[in-house]
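Some notes on the structure that comes next.
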2 protein chains.
Amino acid sequence: MLQTIVRKNQYQDSVALMVLSRTLSDLDGVAKVSVMMGTPANKQILADTGFSTPELDDAAPSDLVIGVDADDQETVDSVLAQASELLKNQAAAGGGATRTTVRSLARAQSKLPGANLALVSIPGEYAAAQAHHLLDAGLHVMLFSDNVTVADEASLKQRARDLGLLVMGPDCGTAAFAGTALAFGNLTSPGSIGVVGASGTGTQEVMVQIDRLGAGVSQAIGLGGRDLSEQIGGGTCLQALAALDADPATDTIVIVSKPPAPQVRARVEEAAQGLSKPVVAVILGERPDAARVGNITYAATLADAAHRAVELAGTAGFPRSDGGVVGMFTGGTLANEAAMILRDELGLPADNGEHPAGSMLHEGPHRVVDLGDDVYTQGRPHPMIDPTLRAELLPGVLADPTTAVLLLDVVTGYGSAADPAGAIIPAIAEGVASARADGREVAVVASVTGTARDPQALDAQVQALRDAGVRVLPDNASAARHAAALARAAADRRPHPDAAPAPAAVTALLTDGPKVINLGLASFADDLIEQQAGVVHWNWTPPAGGDPRLARLVDLLMER
Amino acid sequence: MLQTIVRKNQYQDSVALMVLSRTLSDLDGVAKVSVMMGTPANKQILADTGFSTPELDDAAPSDLVIGVDADDQETVDSVLAQASELLKNQAAAGGGATRTTVRSLARAQSKLPGANLALVSIPGEYAAAQAHHLLDAGLHVMLFSDNVTVADEASLKQRARDLGLLVMGPDCGTAAFAGTALAFGNLTSPGSIGVVGASGTGTQEVMVQIDRLGAGVSQAIGLGGRDLSEQIGGGTCLQALAALDADPATDTIVIVSKPPAPQVRARVEEAAQGLSKPVVAVILGERPDAARVGNITYAATLADAAHRAVELAGTAGFPRSDGGVVGMFTGGTLANEAAMILRDELGLPADNGEHPAGSMLHEGPHRVVDLGDDVYTQGRPHPMIDPTLRAELLPGVLADPTTAVLLLDVVTGYGSAADPAGAIIPAIAEGVASARADGREVAVVASVTGTARDPQALDAQVQALRDAGVRVLPDNASAARHAAALARAAADRRPHPDAAPAPAAVTALLTDGPKVINLGLASFADDLIEQQAGVVHWNWTPPAGGDPRLARLVDLLMER
């Protein structure tokens with residue numbers, strides 16, 4: 001038998017409804033239980049599946065509707081009893097035990113002094129009006145809610161800019177500030193790459209791949225999928241770029257987007273070209289023709305964007321000099337690959353195939369030497385076996401004022417030296433320190449060709465190099481690209497504009513992280529509690545009993 | 001004071017000489033000790049640094065020369081006493097304790113029945129003649145030695161082909177068979193990717209990056225740097241390609257090379273096009289124009305080549321069908337990226353930007369659906385929160401005879417379901433099994449957007465998927481490329497040539513792994529002992545007291 005029960009003014013979020021539906025459907029004798037709020041769309045779904053009753057017709061959006069398909073009246077009664085029990089216990093279940101819950105914005109702000117962001121996942125028809133109130137209360141707004149009109153989005157974003165605040169969204173699934181993830185978010189290592197995402201899972205994939213490459217994320221600012229449309233004009237994107245350019249924790253910026261409207265694209269690209277930090281752009285659906293145009297590196301896929309960002313991280317602001325990249329390699333092919341990439345990235349003449357005395361590249365201050373060449377192995381073992389020759393040559397390279405970047409390979413495995421990193425670290429440490437004493441900054445870049453199962457412990461090799469200040473990239477090609485980016489930074493004499501001043505409230509959000517008033521999905525509050533972020537859950541319910549027209553009238557009367 | 005001591009007929013390998021030089025140089029009162037074999041080049045080096053004596057002039061290549069720069073005669077005497085002691089103990093030191101050492105090839109073969117490969121790192125001037133003997137003894141030869149003439153290389157390789165054997169090298173630094181690394185080698189996970197390398201560290205970097213992407217290597221066959229030159233003609237490369245095509249452990253082949261001679265390139269490319277397994281080629285110094293031409297995918301860097309190979313691994317021989325790729329995504333941008341890559345890889349029409357009901361792609365049997373589209377989220381939470389909708393839809397997709405490949409995203413992190421993999425695994429397992437019962441093979445491909453620090457354990461999510469037979473790729477773009485390669489394999493009705501029959505001795509080497517007679521660097525034998533491979537060390541010394549002309553005469557007399 002089918003039966004529909006309506007409970008007046010019992011607003012529940014969609015996750016709570018899902019849990020209720022699933023738990024009740026699992027009871028003995030029950031075919032199916034649907035628990036929904038009484039919105040017109042939901043009432044239609046219930047009616048279509050046979051639950052149509054006069055009581056259902058009268059249900060309001062703030063009313064809880066339980067449709068039960070069960071064997072007999074006894075079972076239906078038991079379902080309803082269980083539902084009451086579950087609703088009573090829900091607040092105490094899970095994170096609810098530690099969750100601070102309030103029933104008004106004023107109460108939320110007094111419970112969480114310094115709250116700076118509202119995470120809004122209430123139904124879309126209420127979201128815009130509520131977001132205006134939240135902006136007025138001085139809060140950044142992350143609108144997880146969808147079904148917000150373009151006009152509402154435009155007006156919210158305009159108001160936010162006027163107030164020096166951010167509106168992320170609507171339909172913004174992912175953001176992270178100072179290590180705290182909001183809504184859908186992965187926990188990455190801390191790092192210096194800031195992500196600006198018009199796409200939730202795109203931002204997540206970029207963050208995750210950055211993490212896997214051994215680097216980390218400073219901030220992730222969500223825009224919502226329409227920010228780069230003609231109607232919205234990319235306002236939040238421009239705010240986010242300015243904020244990240246001013247953020248001391250960020251030195252590299254990734255933009256993730258679907259193809260923007262042409263005039264918006266022009267505006268965003270112009271802004272990105274003017275930043276003091278390198279920008280990687282992944283525009284899904286476009287195959288980038290030029291890999292790099294000025295300050296922007298275009299990537300073809302999300303994973304590519306992560307890779308390019310990891311290569312650029314740590315290159316912004318490298319001190320200017322006339323120096324070049326000097327590669328001192330033990331592996332011939334690794335030297336060859338590095339030389340090829342440096343030629344490409346630095347616009348040097350093509351290889352003529354002549355490599356006298358192991359010189360794979362020699363153009364101006366840029367040099368790559370293969371120390372495995374015959375000229376170096378006369379009367380001694382190959383430099384992968386015997387690392388002393390390289391260790392002996394490094395002081396001279398580091399002392400040479402034309403060296404801005406030292407690029408190295410470190411090869412582990414059978415046959416190689418027992419501690420190839422350890423063999424060169426003293427020379428590196430001394431050489432870098434003595435260059436610094438002379439007022440020169442030399443960056444040392446390396447990759448380690450090795451696996452975890454090699455006789456030399458890969459992790460220990462990498463860590464020893466990092467402890468000595470060496471920048472360790474995930475592969476030889478990436479190390480060469482990183483070195484090239486440092487050389488470009490060192491050679492780039494174009495005066496960078498000072499970073500645009502970001503509004504104080506934006507700076508505070510990026511620096512201090514979010515203190516969150518959560519309204520909508522209670523599980524988002526629990527996730528923040530787990531991350532030990534400040535959060536109160538506002539147990540929001542639709543105003544005016546869920547009647548949108550009445551709600552708008554109340555809103556007008558309150559002179560919003 | 002400088003003093004030079006010559007010890008007649010005391011041949012030592014270059015690593016032993018390095019250890020001796022270093023240990024003796026560290027003694028009190030010693031400025032420097034150089035220990036070298038008495039080759040003309042070494043004698044010149046010693047003479048140039050002041051050690052010239054009549055005794056030095058008379059030293060032969062098989063004589064050990066010790067040049068001592070020390071404070072007084074007492075110290076010199078002490079150095080010599082130490083040297084004698086060290087030379088006496090060297091055989092017992094390190095791996096020497098467990099090393100089986102013999103003094104002739106015949107003895108080596110009787111000590112190691114079934115020996116199938118000789119690892120040769122003796123000085124180059126003796127290597128070619130020795131290698132001919134080793135081939136005659138039925139052994140594959142890996143020539144680590146350099147300084148072998150092109151003419152000798154050509155004649156060795158010709159003889160090897162006639163005998164159904166491999167000559168890898170000269171100057172071949174890296175090879176691995178059935179999990180055993182020879183000379184310079186990294187220990188990777190076992191897997192199905194075979195590497196053919198005209199470059200030692202290039203092969204190592206490709207192997208290492210494959211391992212880091214979670215895949216593994218079946219075999220690595222070294223060629224030596226000149227194999228693809230006009231004079232040598234790529235003979236070993238062609239043998240290696242045929243061997244890997246016939247090898248049941250290999251399903252994907254990577255070729256690593258510097259630019260080959262044009263006519264050799266044509267020959268190798270023709271052979272690669274005709275193989276039954278996909279080929280990735282990284283030709284260093286070339287920027288590939290077309291990413292894929294027929295059976296060959298060209299990669300720009302070593303790391304790229306590894307990535308492409310991981311994407312192609314497991315696609316060879318996927319059963320032919322009319323089916324397509326069906327992507328069922330919870331993340332909108334991940335769906336968008338996958339659709340873009342499938343269009344590219346399968347030659348489908350460009351996206352028109354219209355995505356009705358979350359359909360990102362619908363061309364013939366190929367479909368990509370974004371289950372986060374409004375049409376699917378009416379009355380229920382987003383599919384990243386509530387994975388049941390996808391679990392409910394999968395049986396229908398898997399039962400559909402037009403589905404050859406199911407492509408999925410799995411997103412972990414805050415906000416996402418507690419066990420997104422577990423929610424779909426039962427439906428996948430049942431659907432795949434029931435398709436199989438109907439005689440249809442459906443491949444399930446996924447990537448996991450998540451980090452190790454996410455609330456859901458990333459490794460456990462990946463392992464659970466793998467245990468259910470899901471092919472888990474390292475990122476979303478790679479998963480889409482893998483799915484496209486499976487679809488191409490399924491659609492490819494061009495009759496593949498049967499794999500060329502590989503000589504029995506080559507098949508045995510790939511299947512059983514190497515049983516090694518090592519001559520030259522004793523440490524290579526120790527590395528094989530550590531890997532628990534069968535090995536005897538032939539304590540080789542230069543024939544005819546190191547006089548090359550006399551040695552050649554002896555050789556002729558023995559009617560080689």
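Residue numbering restarts at 1 for every chain of the structure tokens, chains are lettered A, B, ... in their displayed order, and ligands are numbered from 1 as they appear.
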
Next item on the list: Up to 6 Å from chain B, what residues of chain A turn up? Count only C-alpha atoms and give them as a PyMOL selection string.
Entry: chain A and resi 14+42+183-187+201-202+205+208+285+331+333+340+379+381+413-415+449-451+453-454

What would the file look like if the residues just selected were written as a tab-separated table (two decimals), in the first residue's frame with C-alpha atoms?
```tsv
chain	number	residue	atom	x	y	z
A	14	SER	CA	19.28	16.96	0.99
A	42	ASN	CA	9.41	17.05	-5.65
A	183	ALA	CA	32.60	21.80	0.42
A	184	PHE	CA	34.17	19.30	-2.01
A	185	GLY	CA	37.86	19.39	-1.28
A	186	ASN	CA	40.94	17.22	-1.25
A	187	LEU	CA	43.63	17.58	1.38
A	201	THR	CA	36.17	18.78	-10.17
A	202	GLY	CA	38.64	20.44	-12.54
A	205	GLU	CA	41.95	17.16	-10.27
A	208	VAL	CA	45.34	16.27	-6.56
A	285	GLY	CA	37.95	21.83	-25.00
A	331	GLY	CA	73.69	10.52	-17.78
A	333	THR	CA	70.64	10.94	-22.56
A	340	MET	CA	66.83	19.99	-26.02
A	379	GLY	CA	91.53	6.56	-16.42
A	381	PRO	CA	85.10	4.98	-13.93
A	413	GLY	CA	69.92	1.94	-8.96
A	414	TYR	CA	72.34	-0.96	-9.36
A	415	GLY	CA	75.65	0.07	-10.84
A	449	THR	CA	66.13	8.89	-11.69
A	450	GLY	CA	65.35	6.15	-9.22
A	451	THR	CA	62.66	3.99	-7.68
A	453	ARG	CA	63.06	-0.32	-4.52
A	454	ASP	CA	66.54	0.75	-5.65
```

Next item on the list: Please identify all polymer residues within 6 Å of region 119-135 of chain A, counting only C-alpha atoms, omitting same-chain residues fewer than 3 positions from it, and present them as number ranges by chain.
Entry: A: 138-139, 142-148, 518-521

Notebook entry, point to check: How many Å lie between CA of His362 (chain B) and CA of Met328 (chain B), rounded to one decimal?
Noted result: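 Calculated distance between CA of His362 (chain B) and CA of Met328 (chain B) is 12.2 Å.
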
Checklist line | d(CA of Ala446 (chain B), CA of Thr250 (chain B)) in Å | finding: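 We find that CA of Ala446 (chain B) and CA of Thr250 (chain B) lie 22.2 Å from each other.
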
Note to self: as a VMD selection string, please: every residue in region 352-393 of chain A that DSSP puts in helix (DSSP H, G or I).
What the structure shows: chain A and resid 356 to 358 374 to 377 388 to 393

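Residues in contact with Leu166 (chain B) at 9 Å, where only C-alpha atoms are counted and same-chain residues fewer than 2 positions away are skipped, are listed as Leu135, Leu139, His140, Val141, Met142, Lys157, Ala160, Arg161, Leu163, Gly164, Met168, Thr236, Gln239, Ala240, Ala505 and Val506 of chain B.
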
Output file for the residues above (N, CA and C atoms, as an mmCIF file, in the first residue's frame):
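This is the output file selection_37.cif:
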```
data_model
loop_
_atom_site.group_PDB
_atom_site.id
_atom_site.type_symbol
_atom_site.label_atom_id
_atom_site.label_comp_id
_atom_site.auth_asym_id
_atom_site.auth_seq_id
_atom_site.Cartn_x
_atom_site.Cartn_y
_atom_site.Cartn_z
ATOM 1 N N LEU B 135 79.832 -15.336 -28.001
ATOM 2 C CA LEU B 135 78.750 -15.715 -28.924
ATOM 3 C C LEU B 135 78.918 -17.170 -29.358
ATOM 4 N N LEU B 139 76.257 -17.667 -25.907
ATOM 5 C CA LEU B 139 75.771 -16.676 -24.943
ATOM 6 C C LEU B 139 75.325 -15.387 -25.632
ATOM 7 N N HIS B 140 74.177 -14.818 -25.162
ATOM 8 C CA HIS B 140 73.893 -13.428 -25.497
ATOM 9 C C HIS B 140 74.998 -12.572 -24.877
ATOM 10 N N VAL B 141 75.287 -11.441 -25.506
ATOM 11 C CA VAL B 141 76.348 -10.586 -24.974
ATOM 12 C C VAL B 141 75.807 -9.188 -24.703
ATOM 13 N N MET B 142 75.975 -8.731 -23.472
ATOM 14 C CA MET B 142 75.721 -7.330 -23.165
ATOM 15 C C MET B 142 77.077 -6.665 -23.007
ATOM 16 N N LYS B 157 77.327 -8.043 -34.390
ATOM 17 C CA LYS B 157 75.868 -8.082 -34.468
ATOM 18 C C LYS B 157 75.401 -9.005 -35.584
ATOM 19 N N ALA B 160 75.812 -12.469 -34.255
ATOM 20 C CA ALA B 160 74.767 -12.747 -33.261
ATOM 21 C C ALA B 160 73.463 -13.107 -33.959
ATOM 22 N N ARG B 161 73.085 -12.328 -34.968
ATOM 23 C CA ARG B 161 71.823 -12.603 -35.672
ATOM 24 C C ARG B 161 71.858 -13.989 -36.311
ATOM 25 N N LEU B 163 73.378 -16.483 -35.288
ATOM 26 C CA LEU B 163 73.301 -17.500 -34.238
ATOM 27 C C LEU B 163 72.001 -17.434 -33.440
ATOM 28 N N GLY B 164 71.120 -16.466 -33.777
ATOM 29 C CA GLY B 164 69.880 -16.317 -33.006
ATOM 30 C C GLY B 164 70.141 -15.771 -31.607
ATOM 31 N N MET B 168 73.917 -6.703 -27.169
ATOM 32 C CA MET B 168 73.483 -5.376 -26.710
ATOM 33 C C MET B 168 74.730 -4.544 -26.456
ATOM 34 N N THR B 236 69.996 -4.803 -34.017
ATOM 35 C CA THR B 236 69.578 -5.234 -32.677
ATOM 36 C C THR B 236 68.205 -4.680 -32.340
ATOM 37 N N GLN B 239 65.700 -6.889 -33.901
ATOM 38 C CA GLN B 239 65.611 -8.137 -33.123
ATOM 39 C C GLN B 239 64.805 -7.918 -31.842
ATOM 40 N N ALA B 240 65.076 -6.786 -31.173
ATOM 41 C CA ALA B 240 64.423 -6.498 -29.891
ATOM 42 C C ALA B 240 62.919 -6.307 -30.078
ATOM 43 N N ALA B 505 66.668 -18.905 -28.237
ATOM 44 C CA ALA B 505 67.563 -18.419 -27.183
ATOM 45 C C ALA B 505 67.112 -17.058 -26.661
ATOM 46 N N VAL B 506 66.512 -16.244 -27.562
ATOM 47 C CA VAL B 506 66.022 -14.933 -27.140
ATOM 48 C C VAL B 506 64.765 -15.114 -26.282
#
```

Next item on the list: Just give me the gap between CA of Ala137 (chain B) and CA of Ala246 (chain B) in Å, one decimal is fine.
Entry: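 Taking CA of Ala137 (chain B) as the start and CA of Ala246 (chain B) as the end point, the length is 24.7 Å.
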
Who sits within 9 Å of Gly191 (chain A), only C-alpha atoms, same chain under 6 positions skipped, as a PDB file with C-alpha atoms, in the first residue's frame:
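Just written: result-v1.pdb:
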```pdb
ATOM      1  CA  ASP A 211      50.042  16.882  -4.685  1.00  0.00           C
ATOM      2  CA  ALA A 215      54.286  19.953  -4.652  1.00  0.00           C
ATOM      3  CA  GLY A 216      51.416  21.716  -2.908  1.00  0.00           C
ATOM      4  CA  VAL A 217      48.586  24.211  -3.047  1.00  0.00           C
ATOM      5  CA  SER A 218      48.328  27.588  -1.308  1.00  0.00           C
ATOM      6  CA  GLN A 219      44.730  28.560  -2.115  1.00  0.00           C
ATOM      7  CA  ALA A 249      51.881  32.234   0.158  1.00  0.00           C
ATOM      8  CA  THR A 250      51.336  31.978  -3.615  1.00  0.00           C
ATOM      9  CA  ALA A 313      56.479  26.976  -8.749  1.00  0.00           C
TER      10      ALA A 313
END
```

Notebook entry, point to check: Per DSSP on the backbone, what are the strand (DSSP E or B) residues of region 268-332 of chain B, as number ranges by chain?
Noted result: B: 279-283, 292-293, 296-299, 324-329

Selection to disk with N, CA, C and O atoms, as a PDB file, in the first residue's frame:
```pdb
ATOM      1  N   VAL B 279      53.271   0.840 -29.925  1.00  0.00           N
ATOM      2  CA  VAL B 279      54.650   1.300 -29.746  1.00  0.00           C
ATOM      3  C   VAL B 279      54.645   2.790 -29.408  1.00  0.00           C
ATOM      4  O   VAL B 279      53.934   3.575 -30.037  1.00  0.00           O
ATOM      5  N   VAL B 280      55.420   3.167 -28.394  1.00  0.00           N
ATOM      6  CA  VAL B 280      55.668   4.576 -28.079  1.00  0.00           C
ATOM      7  C   VAL B 280      57.113   4.863 -28.440  1.00  0.00           C
ATOM      8  O   VAL B 280      58.003   4.088 -28.074  1.00  0.00           O
ATOM      9  N   ALA B 281      57.341   5.935 -29.179  1.00  0.00           N
ATOM     10  CA  ALA B 281      58.713   6.282 -29.560  1.00  0.00           C
ATOM     11  C   ALA B 281      59.066   7.644 -29.005  1.00  0.00           C
ATOM     12  O   ALA B 281      58.310   8.603 -29.183  1.00  0.00           O
ATOM     13  N   VAL B 282      60.184   7.723 -28.301  1.00  0.00           N
ATOM     14  CA  VAL B 282      60.702   9.039 -27.902  1.00  0.00           C
ATOM     15  C   VAL B 282      62.056   9.188 -28.582  1.00  0.00           C
ATOM     16  O   VAL B 282      62.998   8.445 -28.327  1.00  0.00           O
ATOM     17  N   ILE B 283      62.111  10.135 -29.529  1.00  0.00           N
ATOM     18  CA  ILE B 283      63.326  10.381 -30.300  1.00  0.00           C
ATOM     19  C   ILE B 283      63.852  11.726 -29.835  1.00  0.00           C
ATOM     20  O   ILE B 283      63.320  12.774 -30.197  1.00  0.00           O
ATOM     21  N   ARG B 292      50.305  10.695 -32.793  1.00  0.00           N
ATOM     22  CA  ARG B 292      50.132   9.283 -33.089  1.00  0.00           C
ATOM     23  C   ARG B 292      50.043   9.083 -34.589  1.00  0.00           C
ATOM     24  O   ARG B 292      49.306   9.784 -35.280  1.00  0.00           O
ATOM     25  N   VAL B 293      50.832   8.143 -35.114  1.00  0.00           N
ATOM     26  CA  VAL B 293      50.779   7.774 -36.524  1.00  0.00           C
ATOM     27  C   VAL B 293      50.634   6.261 -36.555  1.00  0.00           C
ATOM     28  O   VAL B 293      51.570   5.535 -36.227  1.00  0.00           O
ATOM     29  N   ILE B 296      52.221   3.844 -33.915  1.00  0.00           N
ATOM     30  CA  ILE B 296      53.290   4.500 -33.143  1.00  0.00           C
ATOM     31  C   ILE B 296      52.789   5.810 -32.532  1.00  0.00           C
ATOM     32  O   ILE B 296      52.250   6.663 -33.225  1.00  0.00           O
ATOM     33  N   THR B 297      52.969   5.955 -31.224  1.00  0.00           N
ATOM     34  CA  THR B 297      52.693   7.216 -30.542  1.00  0.00           C
ATOM     35  C   THR B 297      54.029   7.878 -30.252  1.00  0.00           C
ATOM     36  O   THR B 297      54.892   7.282 -29.606  1.00  0.00           O
ATOM     37  N   TYR B 298      54.218   9.088 -30.765  1.00  0.00           N
ATOM     38  CA  TYR B 298      55.478   9.798 -30.560  1.00  0.00           C
ATOM     39  C   TYR B 298      55.376  10.674 -29.315  1.00  0.00           C
ATOM     40  O   TYR B 298      54.396  11.394 -29.129  1.00  0.00           O
ATOM     41  N   ALA B 299      56.378  10.594 -28.459  1.00  0.00           N
ATOM     42  CA  ALA B 299      56.391  11.377 -27.227  1.00  0.00           C
ATOM     43  C   ALA B 299      57.533  12.376 -27.282  1.00  0.00           C
ATOM     44  O   ALA B 299      58.562  12.134 -27.912  1.00  0.00           O
ATOM     45  N   GLY B 324      31.503   0.890 -27.994  1.00  0.00           N
ATOM     46  CA  GLY B 324      32.177   2.162 -27.796  1.00  0.00           C
ATOM     47  C   GLY B 324      32.536   2.381 -26.350  1.00  0.00           C
ATOM     48  O   GLY B 324      32.388   1.504 -25.501  1.00  0.00           O
ATOM     49  N   VAL B 325      33.021   3.602 -26.081  1.00  0.00           N
ATOM     50  CA  VAL B 325      33.350   4.021 -24.717  1.00  0.00           C
ATOM     51  C   VAL B 325      32.117   4.711 -24.132  1.00  0.00           C
ATOM     52  O   VAL B 325      31.560   5.623 -24.759  1.00  0.00           O
ATOM     53  N   VAL B 326      31.699   4.290 -22.952  1.00  0.00           N
ATOM     54  CA  VAL B 326      30.612   4.980 -22.267  1.00  0.00           C
ATOM     55  C   VAL B 326      31.158   5.524 -20.951  1.00  0.00           C
ATOM     56  O   VAL B 326      31.568   4.764 -20.072  1.00  0.00           O
ATOM     57  N   GLY B 327      31.205   6.842 -20.857  1.00  0.00           N
ATOM     58  CA  GLY B 327      31.688   7.501 -19.644  1.00  0.00           C
ATOM     59  C   GLY B 327      30.524   7.889 -18.754  1.00  0.00           C
ATOM     60  O   GLY B 327      29.617   8.585 -19.208  1.00  0.00           O
ATOM     61  N   MET B 328      30.562   7.450 -17.509  1.00  0.00           N
ATOM     62  CA  MET B 328      29.513   7.797 -16.542  1.00  0.00           C
ATOM     63  C   MET B 328      30.198   8.563 -15.416  1.00  0.00           C
ATOM     64  O   MET B 328      30.812   7.963 -14.524  1.00  0.00           O
ATOM     65  N   PHE B 329      30.080   9.889 -15.441  1.00  0.00           N
ATOM     66  CA  PHE B 329      30.893  10.742 -14.571  1.00  0.00           C
ATOM     67  C   PHE B 329      30.064  11.413 -13.479  1.00  0.00           C
ATOM     68  O   PHE B 329      28.920  11.790 -13.694  1.00  0.00           O
TER      69      PHE B 329
END
```

Item checked: Selected residue of minimal separation from Val472 (chain B) among B:Leu407, B:Gly513, B:Ala504, B:Ala242, counting only C-alpha atoms ->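 Ranked by minimum distance to Val472 (chain B), first place goes to B:Leu407.
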
Check: Near region 261-269 of chain A, within 10 Å and counting only C-alpha atoms, which residues show up once chain neighbours fewer than 3 positions away are dropped, as a PyMOL selection string?
Finding: chain A and resi 226-235+237-238+241+255+258+272-274+279+281+295-296

Notebook entry, point to check: Could you name the residues that touch Val432 (chain B) at 10 Å or less, counting only C-alpha atoms, but leaving out those on the same chain fewer than 5 positions away, as a list in words?
Noted result: Pro395, Leu398, Ala399, Leu406, Pro426, Ala427, Ala437, Asp438, Arg440, Glu441, Val442, Ala443, Val444, Ala468 and Gly469 of chain B

Could you turn the residues from that selection into a file that holds C-alpha atoms, as a PDB file, in the first residue's frame?
```
ATOM      1  CA  PRO B 395      24.003  -2.479 -14.796  1.00  0.00           C
ATOM      2  CA  LEU B 398      27.239  -2.836 -18.811  1.00  0.00           C
ATOM      3  CA  ALA B 399      24.422  -4.961 -20.222  1.00  0.00           C
ATOM      4  CA  LEU B 406      33.037   1.820 -19.248  1.00  0.00           C
ATOM      5  CA  PRO B 426      29.196  -4.515  -6.748  1.00  0.00           C
ATOM      6  CA  ALA B 427      27.382  -3.182  -9.812  1.00  0.00           C
ATOM      7  CA  ALA B 437      28.525 -14.839 -19.507  1.00  0.00           C
ATOM      8  CA  ASP B 438      26.969 -13.407 -22.681  1.00  0.00           C
ATOM      9  CA  ARG B 440      31.115  -9.930 -24.257  1.00  0.00           C
ATOM     10  CA  GLU B 441      34.252  -8.468 -22.693  1.00  0.00           C
ATOM     11  CA  VAL B 442      33.686  -5.028 -21.132  1.00  0.00           C
ATOM     12  CA  ALA B 443      36.718  -3.135 -19.821  1.00  0.00           C
ATOM     13  CA  VAL B 444      36.166  -0.781 -16.878  1.00  0.00           C
ATOM     14  CA  ALA B 468      37.314  -5.653  -8.832  1.00  0.00           C
ATOM     15  CA  GLY B 469      39.162  -5.741 -12.168  1.00  0.00           C
TER      16      GLY B 469
END
```
